[in-house]
>>> print(open('run.tsv').read())   # TSV, C-alpha atoms and all ligand atoms
chain	number	residue	atom	x	y	z
L	1	MET	CA	-10.00	-11.68	-9.35
L	2	GLN	CA	-12.40	-14.11	-11.06
L	3	PRO	CA	-11.52	-15.57	-14.51
L	4	ASN	CA	-14.33	-13.70	-16.30
L	5	GLN	CA	-13.12	-10.44	-14.76
L	6	GLN	CA	-9.55	-11.21	-15.90
L	7	LYS	CA	-10.80	-11.84	-19.45
L	8	LEU	CA	-12.55	-8.49	-19.44
L	9	ILE	CA	-9.41	-6.72	-18.24
L	10	SER	CA	-7.41	-8.36	-21.05
L	11	ALA	CA	-9.93	-6.92	-23.51
L	12	ALA	CA	-9.88	-3.47	-21.86
L	13	PRO	CA	-8.28	-1.47	-24.72
L	14	ALA	CA	-10.79	-2.69	-27.32
L	15	LEU	CA	-13.69	-2.47	-24.86
L	16	ARG	CA	-12.87	1.18	-23.99
L	17	LYS	CA	-12.63	2.08	-27.66
L	18	ALA	CA	-16.01	0.51	-28.47
L	19	LEU	CA	-17.69	2.09	-25.45
L	20	LEU	CA	-16.32	5.60	-26.03
L	21	TRP	CA	-17.23	5.45	-29.71
L	22	TRP	CA	-20.78	4.43	-28.81
L	23	PHE	CA	-20.98	7.21	-26.19
L	24	MET	CA	-19.84	9.84	-28.68
L	25	LYS	CA	-22.64	8.79	-31.03
L	26	HIS	CA	-25.47	8.02	-28.63
L	27	GLN	CA	-25.13	10.08	-25.45
L	28	ARG	CA	-28.21	12.03	-24.44
L	29	PRO	CA	-27.78	15.79	-24.38
L	30	MET	CA	-27.56	17.06	-20.80
L	31	PRO	CA	-26.88	20.67	-19.81
L	32	TRP	CA	-23.96	19.74	-17.52
L	33	ARG	CA	-22.27	17.90	-20.39
L	34	GLN	CA	-22.24	20.98	-22.63
L	35	LYS	CA	-19.95	23.03	-20.42
L	36	ILE	CA	-17.96	21.09	-17.84
L	37	SER	CA	-16.70	22.62	-14.60
L	38	ALA	CA	-16.19	21.34	-11.07
L	39	TYR	CA	-19.15	23.39	-9.83
L	40	ARG	CA	-21.56	22.22	-12.55
L	41	THR	CA	-20.45	18.61	-12.03
L	42	VAL	CA	-20.97	18.82	-8.26
L	43	VAL	CA	-24.44	20.37	-8.67
L	44	SER	CA	-25.53	17.85	-11.31
L	45	GLU	CA	-24.18	14.87	-9.35
L	46	LEU	CA	-25.95	15.88	-6.14
L	47	MET	CA	-29.17	16.67	-8.01
L	48	CYS	CA	-29.15	13.35	-9.86
L	49	GLN	CA	-28.66	11.26	-6.70
L	50	GLN	CA	-32.05	9.52	-6.26
L	51	THR	CA	-33.64	11.71	-8.97
L	52	GLN	CA	-34.25	10.97	-12.64
L	53	ILE	CA	-32.26	13.03	-15.12
L	54	ALA	CA	-35.37	14.40	-16.86
L	55	THR	CA	-36.66	15.68	-13.50
L	56	ALA	CA	-33.31	17.15	-12.43
L	57	THR	CA	-32.54	18.95	-15.72
L	58	PRO	CA	-34.82	22.04	-15.35
L	59	TYR	CA	-33.76	22.36	-11.71
L	60	PHE	CA	-30.10	22.30	-12.76
L	61	GLU	CA	-30.67	25.01	-15.36
L	62	ARG	CA	-32.49	27.28	-12.91
L	63	TRP	CA	-29.84	26.62	-10.25
L	64	VAL	CA	-26.76	27.48	-12.32
L	65	ALA	CA	-28.51	30.51	-13.82
L	66	ARG	CA	-29.07	31.85	-10.31
L	67	TRP	CA	-25.83	30.66	-8.67
L	68	PRO	CA	-23.22	30.13	-11.41
L	69	ASP	CA	-20.30	29.12	-9.16
L	70	PHE	CA	-19.29	28.07	-5.64
L	71	LYS	CA	-18.77	31.68	-4.54
L	72	ALA	CA	-22.24	32.79	-5.66
L	73	LEU	CA	-23.89	29.79	-4.01
L	74	ALA	CA	-21.92	30.32	-0.79
L	75	LYS	CA	-23.69	33.66	-0.37
L	76	ALA	CA	-27.21	32.20	-0.80
L	77	SER	CA	-29.56	31.78	2.16
L	78	GLU	CA	-30.74	28.30	3.15
L	79	SER	CA	-34.37	29.26	2.60
L	80	ASP	CA	-33.65	30.42	-0.99
L	81	VAL	CA	-31.73	27.20	-1.66
L	82	LEU	CA	-34.59	25.08	-0.30
L	83	LYS	CA	-37.15	27.02	-2.34
L	84	LEU	CA	-35.28	26.37	-5.56
L	85	TRP	CA	-34.85	22.72	-4.60
L	86	ALA	CA	-38.53	22.30	-3.65
L	87	GLY	CA	-39.99	19.36	-5.55
L	88	LEU	CA	-36.71	17.44	-6.00
L	89	GLY	CA	-36.98	15.66	-2.64
L	90	TYR	CA	-34.17	14.48	-0.33
L	91	TYR	CA	-33.61	18.04	0.87
L	92	SER	CA	-30.45	17.18	2.80
L	93	ARG	CA	-28.76	17.26	-0.63
L	94	ALA	CA	-29.61	20.96	-1.01
L	95	ARG	CA	-28.32	21.81	2.44
L	96	ASN	CA	-25.17	19.74	1.84
L	97	LEU	CA	-24.60	21.56	-1.44
L	98	LEU	CA	-24.82	24.91	0.35
L	99	ARG	CA	-22.44	23.78	3.12
L	100	LEU	CA	-20.03	22.37	0.54
L	101	ALA	CA	-20.10	25.65	-1.46
L	102	LYS	CA	-19.36	27.67	1.68
L	103	GLU	CA	-16.32	25.48	2.40
L	104	VAL	CA	-15.00	25.33	-1.19
L	105	ALA	CA	-15.49	29.08	-1.74
L	106	LEU	CA	-12.94	29.74	1.01
L	107	LEU	CA	-10.21	27.62	-0.65
L	108	LYS	CA	-7.50	28.99	-2.93
L	109	GLU	CA	-7.84	25.95	-5.17
L	110	THR	CA	-10.81	23.63	-5.80
L	111	PRO	CA	-10.11	20.03	-4.65
L	112	ARG	CA	-9.18	17.74	-7.56
L	113	THR	CA	-9.15	14.15	-6.27
L	114	ALA	CA	-11.93	11.73	-5.33
L	115	GLU	CA	-10.26	11.29	-1.94
L	116	ALA	CA	-10.43	15.05	-1.27
L	117	TRP	CA	-14.04	15.34	-2.47
L	118	GLN	CA	-15.15	12.58	-0.14
L	119	GLN	CA	-14.45	14.86	2.83
L	120	TYR	CA	-17.37	17.13	1.87
L	121	PRO	CA	-20.95	16.84	3.11
L	122	GLY	CA	-23.19	14.70	0.92
L	123	VAL	CA	-20.32	13.38	-1.22
L	124	GLY	CA	-19.92	9.60	-1.01
L	125	PRO	CA	-17.44	7.43	-2.95
L	126	TYR	CA	-19.60	7.31	-6.07
L	127	THR	CA	-20.19	11.08	-6.26
L	128	ALA	CA	-16.54	11.84	-5.42
L	129	ALA	CA	-15.34	9.57	-8.25
L	130	ALA	CA	-17.79	11.20	-10.67
L	131	ILE	CA	-16.62	14.73	-9.78
L	132	ALA	CA	-12.89	13.88	-9.88
L	133	SER	CA	-13.08	11.90	-13.13
L	134	ILE	CA	-15.44	14.22	-15.04
L	135	ALA	CA	-14.12	17.61	-13.89
L	136	PHE	CA	-10.45	16.73	-13.26
L	137	ARG	CA	-9.79	13.58	-15.34
L	138	GLU	CA	-8.71	11.48	-12.38
L	139	PRO	CA	-8.79	7.82	-13.54
L	140	VAL	CA	-11.16	6.51	-10.88
L	141	ALA	CA	-14.25	4.47	-11.69
L	142	VAL	CA	-17.81	5.43	-10.82
L	143	VAL	CA	-19.72	2.35	-9.69
L	144	ASP	CA	-23.43	3.11	-9.42
L	145	GLY	CA	-26.41	0.79	-9.94
L	146	ASN	CA	-26.20	1.06	-13.73
L	147	VAL	CA	-22.50	0.23	-13.80
L	148	ILE	CA	-23.01	-2.69	-11.41
L	149	ARG	CA	-25.64	-4.13	-13.75
L	150	VAL	CA	-23.41	-3.79	-16.83
L	151	LEU	CA	-20.38	-5.33	-15.09
L	152	ALA	CA	-22.40	-8.12	-13.49
L	153	ARG	CA	-23.79	-9.09	-16.91
L	154	LEU	CA	-20.50	-8.69	-18.76
L	155	THR	CA	-18.84	-11.07	-16.29
L	156	GLY	CA	-21.86	-13.39	-15.91
L	157	HIS	CA	-21.91	-12.78	-12.15
L	158	ARG	CA	-24.82	-14.94	-10.96
L	159	ALA	CA	-24.03	-14.94	-7.24
L	160	LEU	CA	-26.61	-13.44	-4.88
L	161	MET	CA	-25.52	-9.99	-3.64
L	162	LYS	CA	-26.73	-8.40	-0.42
L	163	ASN	CA	-27.29	-4.85	-1.71
L	164	GLY	CA	-25.85	-2.07	-3.86
L	165	ILE	CA	-23.11	-1.25	-1.38
L	166	THR	CA	-21.68	-4.77	-1.30
L	167	ALA	CA	-22.07	-5.03	-5.08
L	168	ALA	CA	-20.17	-1.73	-5.54
L	169	ARG	CA	-17.38	-3.04	-3.30
L	170	HIS	CA	-17.22	-6.23	-5.35
L	171	PHE	CA	-17.05	-4.48	-8.74
L	172	THR	CA	-14.94	-1.41	-7.90
L	173	PRO	CA	-11.51	-3.11	-8.40
L	174	LEU	CA	-12.63	-4.38	-11.82
L	175	ALA	CA	-14.12	-1.00	-12.80
L	176	ASN	CA	-10.90	0.76	-11.77
L	177	GLN	CA	-8.92	-1.54	-14.06
L	178	LEU	CA	-11.25	-0.85	-16.97
L	179	VAL	CA	-11.53	2.92	-16.66
L	180	ALA	CA	-9.86	4.79	-19.53
L	181	ALA	CA	-6.81	6.72	-18.29
L	182	GLN	CA	-7.06	9.37	-21.01
L	183	SER	CA	-10.78	10.10	-20.70
L	184	PRO	CA	-12.05	8.69	-17.39
L	185	GLY	CA	-14.97	11.12	-17.23
L	186	ASP	CA	-16.32	10.06	-20.60
L	187	PHE	CA	-15.70	6.39	-19.77
L	188	ASN	CA	-17.65	6.65	-16.52
L	189	GLN	CA	-20.50	8.56	-18.11
L	190	ALA	CA	-20.56	6.05	-20.98
L	191	MET	CA	-20.87	3.10	-18.59
L	192	MET	CA	-23.70	4.81	-16.70
L	193	GLU	CA	-25.41	5.81	-19.93
L	194	LEU	CA	-25.12	2.27	-21.29
L	195	GLY	CA	-26.73	0.89	-18.13
L	196	ALA	CA	-29.50	3.49	-18.21
L	197	THR	CA	-30.41	3.25	-21.89
L	198	VAL	CA	-29.25	-0.12	-23.32
L	199	CYS	CA	-28.34	-2.58	-20.55
L	200	ARG	CA	-31.64	-1.83	-18.82
L	201	LYS	CA	-32.84	-3.74	-15.80
L	202	ALA	CA	-35.74	-5.27	-17.72
L	203	SER	CA	-35.22	-6.16	-21.38
L	204	PRO	CA	-31.65	-5.11	-22.16
L	205	ASP	CA	-31.18	-4.23	-25.83
L	206	CYS	CA	-28.16	-6.46	-26.47
L	207	SER	CA	-28.38	-5.98	-30.26
L	208	ALA	CA	-27.58	-2.26	-29.74
L	209	CYS	CA	-24.84	-2.85	-27.16
L	210	PRO	CA	-21.25	-1.92	-28.08
L	211	LEU	CA	-19.95	-4.43	-25.51
L	212	SER	CA	-22.02	-7.45	-26.56
L	213	ARG	CA	-19.04	-9.38	-27.93
L	214	TRP	CA	-17.53	-9.54	-24.42
L	215	CYS	CA	-20.79	-10.24	-22.57
L	216	VAL	CA	-21.00	-13.57	-20.73
L	217	ALA	CA	-24.66	-13.09	-19.74
L	218	LYS	CA	-25.67	-12.52	-23.35
L	219	ALA	CA	-23.73	-15.59	-24.50
L	220	GLN	CA	-25.25	-17.73	-21.75
L	221	LYS	CA	-28.74	-16.20	-22.12
L	222	THR	CA	-28.82	-15.26	-18.46
L	223	THR	CA	-29.33	-11.47	-18.68
L	224	ALA	CA	-32.73	-11.74	-16.95
L	225	LEU	CA	-31.11	-13.44	-13.95
L	226	ILE	CA	-28.29	-10.92	-13.45
L	227	PRO	CA	-27.67	-9.04	-11.21
L	228	LYS	CA	-29.32	-10.90	-8.35
L	229	PHE	CA	-29.96	-9.15	-5.02
L	230	GLU	CA	-31.42	-10.37	-1.75
L	231	THR	CA	-35.07	-9.32	-1.55
L	232	LYS	CA	-35.97	-7.00	1.26
L	233	LYS	CA	-39.18	-7.08	3.22
L	234	ARG	CA	-41.51	-4.21	2.35
L	235	THR	CA	-43.83	-2.64	4.90
L	236	VAL	CA	-46.85	-0.36	4.62
L	237	GLN	CA	-47.32	2.55	7.00
L	238	GLN	CA	-50.50	4.63	7.39
L	239	VAL	CA	-50.18	8.41	7.71
L	240	HIS	CA	-53.13	10.76	8.28
L	241	ARG	CA	-52.74	14.38	7.28
L	242	ALA	CA	-55.00	17.37	7.85
L	243	LEU	CA	-56.06	19.74	5.08
L	244	ILE	CA	-57.16	22.87	6.94
L	245	MET	CA	-58.03	26.16	5.27
L	246	LYS	CA	-58.57	29.61	6.75
L	247	ASP	CA	-59.74	32.16	4.19
L	248	ARG	CA	-57.17	31.78	1.36
L	249	LYS	CA	-54.56	30.27	3.64
L	250	ILE	CA	-53.59	26.62	4.11
L	251	LEU	CA	-52.08	25.18	7.28
L	252	LEU	CA	-48.58	23.68	6.83
L	253	HIS	CA	-46.09	22.12	9.21
L	254	ARG	CA	-42.45	23.14	8.77
L	255	GLN	CA	-39.71	20.84	10.06
L	256	ASP	CA	-37.17	22.64	12.16
L	257	SER	CA	-33.76	23.36	10.65
L	258	GLN	CA	-32.01	20.59	12.65
L	259	ALA	CA	-34.42	17.79	11.70
L	260	ARG	CA	-32.86	14.68	10.14
L	261	ARG	CA	-35.43	14.62	7.33
L	262	LEU	CA	-36.89	17.60	5.46
L	263	ALA	CA	-35.19	20.23	7.65
L	264	GLY	CA	-36.71	23.64	6.87
L	265	VAL	CA	-39.27	22.14	4.47
L	266	ALA	CA	-43.04	22.43	4.90
L	267	GLU	CA	-45.61	19.65	4.46
L	268	ILE	CA	-49.29	19.07	5.10
L	269	PRO	CA	-49.44	18.48	8.88
L	270	ASP	CA	-49.60	14.95	10.27
L	271	ILE	CA	-52.72	14.64	12.45
L	272	GLN	CA	-50.71	12.79	15.08
L	273	ASN	CA	-48.36	15.76	15.46
L	274	LEU	CA	-51.35	18.07	15.89
L	275	ASN	CA	-52.81	15.68	18.46
L	276	ILE	CA	-56.17	15.64	16.67
L	277	LYS	CA	-58.44	12.59	16.69
L	278	THR	CA	-60.93	12.27	13.85
L	279	LYS	CA	-63.02	9.65	12.08
L	280	THR	CA	-63.47	11.78	8.94
L	281	ALA	CA	-62.90	9.83	5.73
L	282	PRO	CA	-59.97	10.96	3.57
L	283	VAL	CA	-60.56	13.08	0.49
L	284	PHE	CA	-57.53	11.42	-1.12
L	285	VAL	CA	-55.36	8.43	-0.36
L	286	LYS	CA	-51.89	8.81	-1.89
L	287	ARG	CA	-49.19	6.18	-1.93
L	288	ARG	CA	-45.47	6.70	-2.11
L	289	THR	CA	-42.58	4.40	-1.43
L	290	ILE	CA	-39.36	5.49	0.22
L	291	GLY	CA	-36.81	2.70	0.50
L	292	GLN	CA	-38.63	-0.38	1.75
L	293	VAL	CA	-41.62	1.47	3.24
L	294	THR	CA	-44.79	2.31	1.34
L	295	TYR	CA	-46.60	5.22	2.97
L	296	GLU	CA	-50.36	5.38	2.55
L	297	GLU	CA	-51.05	9.06	3.00
L	298	ASN	CA	-54.66	9.74	3.98
L	299	LEU	CA	-55.52	13.39	3.34
L	300	ILE	CA	-58.43	14.52	5.49
L	301	VAL	CA	-60.26	17.83	5.22
L	302	LEU	CA	-60.87	19.31	8.67
L	303	LYS	CA	-63.00	22.27	9.66
L	304	LEU	CA	-61.26	24.94	11.68
L	305	ASN	CA	-63.36	24.48	14.83
L	306	LYS	CA	-62.34	25.44	18.34
L	307	SER	CA	-60.54	22.19	19.26
L	308	VAL	CA	-58.61	22.17	15.98
L	309	GLN	CA	-57.66	25.80	16.57
L	310	GLN	CA	-56.36	24.91	20.05
L	311	SER	CA	-54.28	22.04	18.62
L	312	ILE	CA	-52.77	24.33	16.00
L	313	HIS	CA	-52.04	26.94	18.65
L	314	ARG	CA	-50.04	24.36	20.64
L	315	SER	CA	-47.86	23.42	17.66
L	316	ALA	CA	-44.98	25.87	17.24
L	317	GLN	CA	-44.07	24.50	13.82
L	318	CYS	CA	-47.40	25.20	12.12
L	319	GLU	CA	-47.85	28.17	9.84
L	320	TRP	CA	-50.54	29.58	7.55
L	321	VAL	CA	-49.43	29.99	3.96
L	322	ASP	CA	-51.38	31.96	1.40
L	323	VAL	CA	-52.37	29.55	-1.40
L	324	ASP	CA	-51.15	32.08	-3.97
L	325	GLN	CA	-47.68	31.95	-2.40
L	326	LEU	CA	-47.27	28.18	-2.24
L	327	ASP	CA	-44.71	28.32	-5.07
L	328	ASP	CA	-42.38	30.38	-2.88
L	329	ALA	CA	-42.93	28.42	0.33
L	330	ALA	CA	-40.36	25.54	0.19
L	331	VAL	CA	-43.05	22.85	0.29
L	332	SER	CA	-41.97	19.26	-0.48
L	333	GLY	CA	-42.74	18.06	-4.03
L	334	PRO	CA	-45.46	15.46	-3.39
L	335	HIS	CA	-47.24	17.71	-0.90
L	336	ARG	CA	-47.16	20.61	-3.36
L	337	ARG	CA	-48.78	18.34	-5.98
L	338	TRP	CA	-51.41	17.03	-3.57
L	339	LEU	CA	-52.29	20.56	-2.47
L	340	ALA	CA	-52.60	21.73	-6.09
L	341	GLU	CA	-54.85	18.76	-6.82
L	342	TRP	CA	-57.02	19.40	-3.79
L	343	LEU	CA	-57.25	23.14	-4.43
L	344	SER	CA	-58.21	22.50	-8.04
L	345	LEU	CA	-61.28	20.52	-7.00
L	346	SER	CA	-64.22	22.83	-7.39
L	347	ASP	CA	-66.53	20.90	-5.08
L	348	GLN	CA	-64.12	19.89	-2.31
L	349	PRO	CA	-64.21	17.88	-0.25
L	350	LYS	CA	-64.93	14.77	-2.29
L	351	LEU	CA	-64.80	11.69	-0.13
L	352	GLY	CA	-63.07	8.42	-0.72
L	353	ARG	CA	-61.12	9.37	-3.86
L	354	ARG	CA	-58.30	6.86	-4.23
L	355	THR	CA	-55.29	7.40	-6.47
T	401	LIG	S1	-24.79	-7.43	-24.23
T	401	LIG	FE1	-26.74	-7.06	-23.27
T	401	LIG	S2	-26.55	-7.80	-21.18
T	401	LIG	FE2	-24.49	-7.61	-22.04
T	401	LIG	S3	-23.77	-5.60	-21.38
T	401	LIG	FE3	-24.68	-5.36	-23.40
T	401	LIG	S4	-26.84	-4.85	-23.06
T	401	LIG	FE4	-26.00	-5.64	-21.13
>>> encode(input="run.tsv", output="structure tokens", more="lines below")
Ligand code: SF4
Amino acid sequence: MQPNQQKLISAAPALRKALLWWFMKHQRPMPWRQKISAYRTVVSELMCQQTQIATATPYFERWVARWPDFKALAKASESDVLKLWAGLGYYSRARNLLRLAKEVALLKETPRTAEAWQQYPGVGPYTAAAIASIAFREPVAVVDGNVIRVLARLTGHRALMKNGITAARHFTPLANQLVAAQSPGDFNQAMMELGATVCRKASPDCSACPLSRWCVAKAQKTTALIPKFETKKRTVQQVHRALIMKDRKILLHRQDSQARRLAGVAEIPDIQNLNIKTKTAPVFVKRRTIGQVTYEENLIVLKLNKSVQQSIHRSAQCEWVDVDQLDDAAVSGPHRRWLAEWLSLSDQPKLGRRT
């Protein structure tokens, strides 16, 4: 272990005390913190993977009101689960949650350790540690992006790291030494909260930080340089999608239930999948970035002429959805927003709108 890590471990008792005191005073209210259970922790952890807390919160409240425990969720249908998840993205999380509930509901006792939780679908080392430490007080550290940033700055770790996975491997032994044995759940949540609200990526608020007296990066004025990751090459991909209406119905394409991405979820159909060629200008161009790829989504209004009808007929995964029932149709979040925006235009189609 590096000397700066050793120094931090020597200061662990005082550091834990300062951090837990700060957390008690400054933690943000979150519904899953008010009443802790294994089920609520699992749901909140899976919902908050790749999703901001403010976005996940209303979903969490609706979810636990409808399915309050593993047994209730185990009886839900996949389509109901996907409908309630619609808009949160990364739909494999919803399906994993359902599979996990079906397995856990059959057990006499809910698993208690991070090692046991890692056997379940959608639960990686980080999520397993969060569940075991928060719901069952197992003293294992959660090492997510926020915690990596705090630990890298505290130890003045200026070395270039490949990615989050290698960084988590590097910092996990240190984090496991620091985690508070008596209240590991609070310690882990405090570290994540500190990274999210004080030790922010840009402009950390060191004057408000309970750990500033131990921070090497602050002392050396290197917070802006830490942590340092290899930069990845970004690419741009063009996608053309067809907005096709028939009476009050809109054409959607639903991925089949075995698809790797968006299984069971509907989206505005990709023109390539429909085998349609068109030179029509898009009514909107939307951009979204997933990982290293920025997708430029060109939304094109097409008339339902004979050749378009034939293309639709050939595609088994297309369906007409009444625009008044879009809320119940398990449509992905961005597509739901784009459809609402398009449908709200009184004089559609407008050409060349760029957002
Ligand atoms: S002192 Fe500043 S850089 Fe160091 S851990 Fe606290 S907020 Fe982060």
>>> residues_near_ligand(input="run.tsv", ligand="ligand LIG 401 (chain T)", cutoff="7 Å", atoms="only C-alpha atoms and all ligand atoms", output="list in words")
Val150, Arg153, Leu154, Val198, Cys199, Pro204, Asp205, Cys206, Cys209, Pro210, Leu211, Ser212, Cys215, Ala217, Lys218 and Thr223 of chain L
>>> residues_near_point(input="run.tsv", point="(-19.2, -10.2, -3.7)", cutoff="10 Å", atoms="all atoms listed in the file", output="list in words")
His157, Ala159, Leu160, Met161, Lys162, Asn163, Thr166, Ala167, Ala168, Arg169, His170 and Phe171 of chain L
>>> closest_atom_pairs(input="run.tsv", of="stretch 181-271 of chain L", to="stretch 309-327 of chain L", cutoff="12 Å", atoms="only C-alpha atoms", output="CSV")
residue,atom,partner,partner_atom,distance
L:Ala242,CA,L:Ile312,CA,10.9
L:Leu243,CA,L:Trp320,CA,11.5
L:Ile244,CA,L:Trp320,CA,9.4
L:Met245,CA,L:Trp320,CA,8.5
L:Lys246,CA,L:Trp320,CA,8.1
L:Asp247,CA,L:Asp322,CA,8.8
L:Arg248,CA,L:Asp322,CA,5.8
L:Lys249,CA,L:Asp322,CA,4.2
L:Ile250,CA,L:Val321,CA,5.4
L:Leu251,CA,L:Trp320,CA,4.7
L:Leu252,CA,L:Glu319,CA,5.5
L:His253,CA,L:Cys318,CA,4.4
L:Arg254,CA,L:Gln317,CA,5.5
L:Gln255,CA,L:Gln317,CA,6.8
L:Asp256,CA,L:Gln317,CA,7.3
L:Ser257,CA,L:Gln317,CA,10.8
L:Ala259,CA,L:Gln317,CA,11.9
L:Ala263,CA,L:Gln317,CA,11.6
L:Gly264,CA,L:Gln317,CA,10.2
L:Val265,CA,L:Gln317,CA,10.8
L:Ala266,CA,L:Cys318,CA,8.9
L:Glu267,CA,L:Cys318,CA,9.6
L:Ile268,CA,L:Cys318,CA,9.5
L:Pro269,CA,L:Cys318,CA,7.7
L:Asp270,CA,L:Cys318,CA,10.6
L:Ile271,CA,L:Ser311,CA,9.8
>>> atom_distance(input="run.tsv", atom1="atom CA of L:Leu343", atom2="atom CA of L:Glu61")
28.8 Å
>>> atom_distance(input="run.tsv", atom1="atom CA of L:Gln119", atom2="atom CA of L:Leu107")
13.9 Å
>>> residues_around(input="run.tsv", residues="L:Trp32", least_positions_apart="4", cutoff="10 Å", atoms="all atoms listed in the file", output="number ranges by chain")
L: 36-37, 39-45, 57, 60-61, 64
>>> residues_around(input="run.tsv", residues="L:Ala175", least_positions_apart="5", cutoff="9 Å", atoms="all atoms listed in the file", output="list in words")
Val140, Ala141, Val142, Val143, Val147 and Leu151 of chain L
>>> closest_residue(input="run.tsv", among="L:Asn176, L:Val308, L:Trp338, L:Ser207", to="L:Ala12", atoms="all atoms listed in the file")
L:Asn176
>>> atom_distance(input="run.tsv", atom1="atom CA of L:Trp85", atom2="atom CA of L:Ala330")
7.8 Å
>>> residues_around(input="run.tsv", residues="stretch 87-104 of chain L", least_positions_apart="6", cutoff="6 Å", atoms="all atoms listed in the file", output="list of chain:residue names")
L:Phe70, L:Ala74, L:Pro121, L:Gly122, L:Leu262, L:Ser332, L:Gly333
>>> closest_residue(input="run.tsv", among="L:Arg28, L:Arg260, L:Arg112, L:Arg336", to="L:Ser133", atoms="all atoms listed in the file")
L:Arg112
>>> closest_residue(input="run.tsv", among="L:Leu106, L:Ala18, L:Leu8, L:Lys75", to="L:Ala208", atoms="all atoms listed in the file")
L:Ala18
>>> residues_near_point(input="run.tsv", point="(-9.8, 5.5, -13.9)", cutoff="10 Å", atoms="all atoms listed in the file", output="MDAnalysis selection string")
chainID L and resid 129 132:133 137:142 175:185 187:188
>>> closest_residue(input="run.tsv", among="L:Arg287, L:Arg149, L:Lys17, L:Lys35", to="L:Leu194", atoms="only C-alpha atoms")
L:Arg149
>>> closest_residue(input="run.tsv", among="L:Thr289, L:Ala281, L:Leu84, L:Ile53", to="L:Arg66", atoms="all atoms listed in the file")
L:Leu84
>>> closest_residue(input="run.tsv", among="L:Thr280, L:Gln237, L:Gln27, L:Thr172", to="L:Thr197", atoms="all atoms listed in the file")
L:Gln27
>>> axis_aligned_box(input="run.tsv", around="stretch 320-337 of chain L", padding_each_side="6 Å", output="lines of an AutoDock Vina configuration file")
center_x = -46.4
center_y = 23.8
center_z = 0.8
size_x = 24.0
size_y = 28.6
size_z = 25.5
>>> residues_around(input="run.tsv", residues="L:Thr155", least_positions_apart="3", cutoff="6 Å", atoms="all atoms listed in the file", output="ChimeraX atom specification")
/L:4-5,152,216
